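Undergrad: So I've got this file, data15.pdb, and it contains PDB, C-alpha atoms:
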ATOM      1  CA  MET A  23      80.957  86.924  68.851
ATOM      2  CA  LYS A  24      84.504  88.185  69.368
ATOM      3  CA  ASN A  25      87.279  85.643  69.878
ATOM      4  CA  SER A  26      90.452  86.226  71.808
ATOM      5  CA  GLU A  27      93.529  84.005  72.033
ATOM      6  CA  ILE A  28      96.449  83.716  74.397
ATOM      7  CA  ASN A  29      99.427  81.711  73.152
ATOM      8  CA  PHE A  30     102.538  80.441  74.899
ATOM      9  CA  LYS A  31     105.706  79.050  73.348
ATOM     10  CA  VAL A  32     108.185  77.260  75.617
ATOM     11  CA  GLU A  33     111.710  76.395  74.492
ATOM     12  CA  LEU A  34     113.157  73.493  76.473
ATOM     13  CA  ASP A  35     116.766  72.512  77.049
ATOM     14  CA  ASP A  36     118.084  68.943  76.701
ATOM     15  CA  GLN A  37     116.656  68.037  80.124
ATOM     16  CA  ASN A  38     113.202  69.474  79.242
ATOM     17  CA  VAL A  39     113.701  72.455  81.556
ATOM     18  CA  PRO A  40     112.224  75.706  80.213
ATOM     19  CA  ASP A  41     114.970  77.848  78.718
ATOM     20  CA  LYS A  42     112.772  80.550  77.148
ATOM     21  CA  ILE A  43     109.074  81.352  77.474
ATOM     22  CA  TYR A  44     107.236  83.557  74.998
ATOM     23  CA  TRP A  45     103.630  84.693  75.040
ATOM     24  CA  ASP A  46     101.260  86.659  72.866
ATOM     25  CA  ALA A  47      97.589  87.548  72.997
ATOM     26  CA  THR A  48      95.156  89.013  70.509
ATOM     27  CA  ASP A  49      94.265  91.762  73.012
ATOM     28  CA  ASN A  50      97.879  92.410  74.007
ATOM     29  CA  PRO A  51      98.612  96.153  73.906
ATOM     30  CA  ASN A  52     102.270  95.356  73.078
ATOM     31  CA  GLU A  53     103.025  94.279  69.531
ATOM     32  CA  GLY A  54     104.664  90.941  68.817
ATOM     33  CA  ILE A  55     105.650  88.048  71.000
ATOM     34  CA  ASN A  56     106.894  88.903  74.475
ATOM     35  CA  ASP A  57     109.363  86.920  76.482
ATOM     36  CA  THR A  58     108.923  86.197  80.161
ATOM     37  CA  ARG A  59     110.688  84.237  82.863
ATOM     38  CA  ALA A  60     107.594  82.661  84.441
ATOM     39  CA  ILE A  61     103.942  81.870  83.846
ATOM     40  CA  ALA A  62     101.234  80.582  86.152
ATOM     41  CA  ILE A  63      97.973  79.448  84.609
ATOM     42  CA  ALA A  64      94.967  78.179  86.540
ATOM     43  CA  VAL A  65      91.866  76.696  84.962
ATOM     44  CA  TRP A  66      88.681  75.747  86.813
ATOM     45  CA  ASP A  67      87.617  72.176  86.022
ATOM     46  CA  HIS A  68      83.880  72.396  86.620
ATOM     47  CA  TYR A  69      83.407  68.670  85.950
ATOM     48  CA  HIS A  70      85.650  67.621  88.835
ATOM     49  CA  ARG A  71      85.247  70.834  90.840
ATOM     50  CA  GLY A  72      88.947  71.491  91.117
ATOM     51  CA  THR A  73      91.732  73.619  89.750
ATOM     52  CA  LEU A  74      94.111  72.567  87.008
ATOM     53  CA  LYS A  75      97.308  74.572  86.929
ATOM     54  CA  ILE A  76     100.484  74.987  84.965
ATOM     55  CA  ASP A  77     103.492  76.708  86.519
ATOM     56  CA  LEU A  78     106.611  77.168  84.400
ATOM     57  CA  TRP A  79     109.730  79.245  84.915
ATOM     58  CA  THR A  80     113.031  79.565  83.137
ATOM     59  CA  LYS A  81     116.518  78.985  84.498
ATOM     60  CA  ASP A  82     116.962  82.780  84.466
ATOM     61  CA  MET A  83     114.181  83.375  86.999
ATOM     62  CA  GLU A  84     115.826  84.513  90.212
ATOM     63  CA  VAL A  85     114.550  83.252  93.563
ATOM     64  CA  PHE A  86     113.609  86.736  94.790
ATOM     65  CA  GLU A  87     111.779  87.389  91.503
ATOM     66  CA  MET A  88     109.868  84.121  91.900
ATOM     67  CA  LYS A  89     108.824  85.023  95.421
ATOM     68  CA  ARG A  90     107.707  88.515  94.297
ATOM     69  CA  PHE A  91     105.841  86.932  91.344
ATOM     70  CA  TYR A  92     103.787  84.708  93.632
ATOM     71  CA  ILE A  93     103.105  87.454  96.156
ATOM     72  CA  GLU A  94     101.767  89.604  93.304
ATOM     73  CA  ILE A  95      99.690  86.699  91.960
ATOM     74  CA  MET A  96      98.087  86.259  95.385
ATOM     75  CA  SER A  97      97.413  89.992  95.634
ATOM     76  CA  GLY A  98      95.740  89.862  92.235
ATOM     77  CA  ILE A  99      93.682  86.906  93.415
ATOM     78  CA  ALA A 100      92.483  89.003  96.358
ATOM     79  CA  ASP A 101      91.330  91.725  93.933
ATOM     80  CA  THR A 102      89.628  89.214  91.646
ATOM     81  CA  LEU A 103      87.953  87.456  94.566
ATOM     82  CA  LEU A 104      86.543  90.755  95.819
ATOM     83  CA  THR A 105      85.234  91.657  92.363
ATOM     84  CA  ALA A 106      83.794  88.197  91.679
ATOM     85  CA  THR A 107      82.285  87.412  95.087
ATOM     86  CA  ASN A 108      82.219  90.680  97.036
ATOM     87  CA  ASP A 109      83.829  88.755  99.925
ATOM     88  CA  LYS A 110      85.809  91.608 101.449
ATOM     89  CA  LYS A 111      86.795  89.612 104.523
ATOM     90  CA  MET A 112      88.536  86.871 102.529
ATOM     91  CA  ALA A 113      90.092  89.376 100.116
ATOM     92  CA  ASP A 114      91.464  91.396 103.049
ATOM     93  CA  GLN A 115      92.912  88.255 104.647
ATOM     94  CA  ILE A 116      94.716  87.338 101.439
ATOM     95  CA  GLU A 117      95.951  90.905 100.996
ATOM     96  CA  GLY A 118      97.152  90.954 104.626
ATOM     97  CA  LEU A 119      99.151  87.793 103.978
ATOM     98  CA  CYS A 120     100.639  89.415 100.876
ATOM     99  CA  GLN A 121     101.690  92.465 102.871
ATOM    100  CA  ASN A 122     103.371  90.247 105.470
ATOM    101  CA  LEU A 123     105.122  88.218 102.780
ATOM    102  CA  SER A 124     106.277  91.388 101.005
ATOM    103  CA  LYS A 125     107.758  92.711 104.232
ATOM    104  CA  SER A 126     109.537  89.408 104.858
ATOM    105  CA  LEU A 127     110.850  89.342 101.306
ATOM    106  CA  GLU A 128     112.216  92.882 101.569
ATOM    107  CA  GLU A 129     113.998  91.917 104.792
ATOM    108  CA  GLU A 130     115.376  88.800 103.100
ATOM    109  CA  ILE A 131     116.658  90.847 100.155
ATOM    110  CA  LYS A 132     118.352  93.376 102.468
ATOM    111  CA  ALA A 133     119.978  90.576 104.457
ATOM    112  CA  ALA A 134     121.328  89.019 101.259
ATOM    113  CA  GLN A 135     123.041  92.243 100.117
TER     114      GLN A 135
END
Kindly return the structure encoded in the file as structure tokens.
TA:
Amino acid sequence: MKNSEINFKVELDDQNVPDKIYWDATDNPNEGINDTRAIAIAVWDHYHRGTLKIDLWTKDMEVFEMKRFYIEIMSGIADTLLTATNDKKMADQIEGLCQNLSKSLEEEIKAAQ
């Protein structure tokens, strides 16, 4: 059986706020450790039938980047949901929300310039 690993390293400041986040994976097409400004990990707890999640971001993560990050996560969830369950209606509803949020974010970015 093949094994695959995903590793995260988080450097914290004096107040335990993430300063740097690095990740690497055995199946990563890029060589070496990569830095990132945010991670969102969700794990299904089948014993308690609920989701466990870890969300971390660095001080360098800009607000507009964070909003885009979560819109893209939700869009990816729509794709995964469709693949895993074939529930096109729910996937389309999530994707529709993402499109609306993207439009709102673009308007917000233009207004801020």
Undergrad: Quick one: which residues end up in the PyMOL selection byres ((chain A and resi 44) around 7) for this structure, as a ChimeraX atom specification?
TA: /A:30-32,42-43,45,55-58
Undergrad: Could you please take those selected residues and save C-alpha atoms as a PDB file, in the coordinates of the input?
TA:
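What ended up in again-v1.pdb:
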ATOM      1  CA  PHE A  30     102.538  80.441  74.899  1.00  0.00           C
ATOM      2  CA  LYS A  31     105.706  79.050  73.348  1.00  0.00           C
ATOM      3  CA  VAL A  32     108.185  77.260  75.617  1.00  0.00           C
ATOM      4  CA  LYS A  42     112.772  80.550  77.148  1.00  0.00           C
ATOM      5  CA  ILE A  43     109.074  81.352  77.474  1.00  0.00           C
ATOM      6  CA  TRP A  45     103.630  84.693  75.040  1.00  0.00           C
ATOM      7  CA  ILE A  55     105.650  88.048  71.000  1.00  0.00           C
ATOM      8  CA  ASN A  56     106.894  88.903  74.475  1.00  0.00           C
ATOM      9  CA  ASP A  57     109.363  86.920  76.482  1.00  0.00           C
ATOM     10  CA  THR A  58     108.923  86.197  80.161  1.00  0.00           C
TER      11      THR A  58
END
Undergrad: Which residue gives the smallest distance to Thr80 in chain A among A:Val65, A:Met23, A:Leu119, A:Ala60, with all atoms listed in the file counted?
TA: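 Of all the options, A:Ala60 lies closest to Thr80 in chain A.
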Undergrad: Quick one: apply the PyMOL selection byres ((chain A and resi 125-133) around 8) to the file and drop the selected residues here as a compact mmCIF listing (two decimals) with C-alpha atoms, in the coordinates of the input.
TA:
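Saved file expr09.txt follows:
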# COMPACT_ATOMS: atom_id res chain seq x y z
CA PHE A 86 113.61 86.74 94.79
CA LYS A 89 108.82 85.02 95.42
CA ARG A 90 107.71 88.52 94.30
CA GLN A 121 101.69 92.46 102.87
CA ASN A 122 103.37 90.25 105.47
CA LEU A 123 105.12 88.22 102.78
CA SER A 124 106.28 91.39 101.00
CA ALA A 134 121.33 89.02 101.26
CA GLN A 135 123.04 92.24 100.12
Undergrad: Between CA of Val39 in chain A and CA of Trp66 in chain A, what distance in Å does the model show, to one decimal?
TA: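 Spanning CA of Val39 in chain A to CA of Trp66 in chain A is a straight-line distance of 25.8 Å.
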Undergrad: Could you list, as a list in words, every residue matched by the PyMOL selection byres ((chain A and resi 97) around 10) in this structure?
TA: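 Selection result, ordered by chain and number: Phe91, Tyr92, Ile93, Glu94, Ile95, Met96, Gly98, Ile99, Ala100, Asp101, Thr102, Leu103, Ala113, Asp114, Ile116, Glu117, Gly118, Leu119, Cys120 and Gln121 of chain A.
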Undergrad: If I take CA of Pro51 in chain A and CA of Asp67 in chain A, how far is one from the other in Å, to one decimal?
TA: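 These atoms are spaced 29.0 Å apart.
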Undergrad: So the first atom is CA of Lys81 in chain A and the second is CA of Glu53 in chain A; what is the distance between them in Å, to one decimal place?
TA: 25.3 Å
Undergrad: Check the smallest atom-to-atom distance from each of A:Lys110, A:Trp79, A:Ala64, A:Thr73 to Leu34 in chain A using all atoms listed in the file, then report the winner.
TA: A:Trp79
Undergrad: Using only C-alpha atoms, find the one residue out of A:Gly72, A:Leu78, A:Ala62, A:Gln115 that sits nearest to Asn38 in chain A.
TA: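 Counting only C-alpha atoms, the residue closest to Asn38 in chain A is A:Leu78.
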Undergrad: With distances taken over all atoms listed in the file, which residue among A:Arg59, A:Thr105, A:Ile76, A:Met88 lies nearest Glu33 in chain A?
TA: A:Arg59
Undergrad: Which centre and edge lengths in Å to one decimal define the box along x, y and z that fits every listed atom of range 66-83 of chain A plus 8 Å per side, as JSON?
TA:
{"center_x": 100.2, "center_y": 75.5, "center_z": 87.1, "size_x": 49.6, "size_y": 31.8, "size_z": 24.0}
